[in-house]
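Reading through the structure tokens given below for one structure.
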Amino acid sequence: MIAADMAQLMFRCPYTNKPIRSGIELVSKNLKAVSSYPISVQCPHCGKQHHGTVADGCLTDERSPPLSPPEP
């Protein structure tokens with residue numbers, strides 16, 4: 001696999017709206033296969049731990065992180 005195929009999984013803090021790097025890299029074609037996996041990220045902006053699924057994030061090579069958290 002070529003490193004260029006990898007993209008960073010990003011989230012947004014629901015309190016500050018700032019981007020959060022998850023530290024997870026994925027091949028974009030594999031995103032759908034893991035989209036329902038639960039994930040927690042420690043937010044460097046508000047200090048809280050945010051919980052959700054991989055589908056709540058986005059890959060940096062496809063688009064910018066969402067501007068607001070998805071509706072439940």
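FYI, nothing fancy with the structure tokens labels: chains A, B, ... in order, residues from 1 per chain, ligands from 1 as they appear.
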Run DSSP on the backbone and give me the residues of region 23-68 of chain A it puts in alpha helix (DSSP H), as a PyMOL selection string. chain A and resi 31-34
Tell me, as a count of residues only, which residues lie within 10 Å of Glu25 (chain A), counting only C-alpha atoms; anything in the same chain fewer than 3 positions away does not count. 12
DSSP strand (DSSP E or B) selection over region 4-67 of chain A, as a PyMOL selection string: chain A and resi 6-12+19-27+38-42+49-53+58-59
For region 31-36 of chain A, work out the shell of residues within 8 Å, counting only C-alpha atoms and skipping chain neighbours fewer than 2 positions away, then give it as a ChimeraX atom specification. /A:26-29,38,53-55
Any chance you could export the current selection's N, CA and C atoms as an mmCIF file, in the first residue's frame?
```
data_model
loop_
_atom_site.group_PDB
_atom_site.id
_atom_site.type_symbol
_atom_site.label_atom_id
_atom_site.label_comp_id
_atom_site.auth_asym_id
_atom_site.auth_seq_id
_atom_site.Cartn_x
_atom_site.Cartn_y
_atom_site.Cartn_z
ATOM 1 N N LEU A 26 -6.629 5.982 7.470
ATOM 2 C CA LEU A 26 -7.393 4.973 6.746
ATOM 3 C C LEU A 26 -7.204 5.143 5.249
ATOM 4 N N VAL A 27 -7.393 4.073 4.531
ATOM 5 C CA VAL A 27 -7.520 4.138 3.077
ATOM 6 C C VAL A 27 -8.983 4.495 2.835
ATOM 7 N N SER A 28 -9.241 5.528 2.061
ATOM 8 C CA SER A 28 -10.614 6.030 1.910
ATOM 9 C C SER A 28 -11.605 4.963 1.461
ATOM 10 N N LYS A 29 -11.182 4.013 0.666
ATOM 11 C CA LYS A 29 -12.120 2.979 0.206
ATOM 12 C C LYS A 29 -12.537 2.041 1.336
ATOM 13 N N PRO A 38 -17.359 2.149 17.001
ATOM 14 C CA PRO A 38 -17.349 3.219 18.000
ATOM 15 C C PRO A 38 -15.942 3.791 18.180
ATOM 16 N N THR A 53 -19.012 7.461 16.361
ATOM 17 C CA THR A 53 -18.585 6.382 15.475
ATOM 18 C C THR A 53 -17.625 6.964 14.443
ATOM 19 N N VAL A 54 -16.945 6.091 13.752
ATOM 20 C CA VAL A 54 -16.029 6.528 12.699
ATOM 21 C C VAL A 54 -16.780 7.386 11.676
ATOM 22 N N ALA A 55 -18.052 7.063 11.413
ATOM 23 C CA ALA A 55 -18.851 7.819 10.445
ATOM 24 C C ALA A 55 -19.065 9.274 10.858
#
```
Between CA of Cys46 (chain A) and CA of Cys58 (chain A), what is the distance in Å, rounded to a tenth? 19.9 Å
Figure out the distance between CA of Asn30 (chain A) and CA of Pro14 (chain A), please, to one decimal in Å.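 Distance reported for this atom pair: 25.6 Å.
Minimum distance to Pro44 (chain A) across A:Asp56, A:Asp61, A:Arg12, A:Ile24 (counting only C-alpha atoms) occurs at A:Arg12.
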So that I can check the surroundings of His45 (chain A), please list as a list of chain:residue names every protein, DNA and RNA residue that reaches within 12 Å of it, counting only C-alpha atoms and ignoring chain neighbours fewer than 3 positions away. A:Phe11, A:Arg12, A:Cys13, A:Pro14, A:Tyr15, A:Thr16, A:Asn17, A:Lys18, A:Pro19, A:Ile20, A:Arg21, A:Val41, A:Gln42, A:Lys48, A:Gln49, A:His50
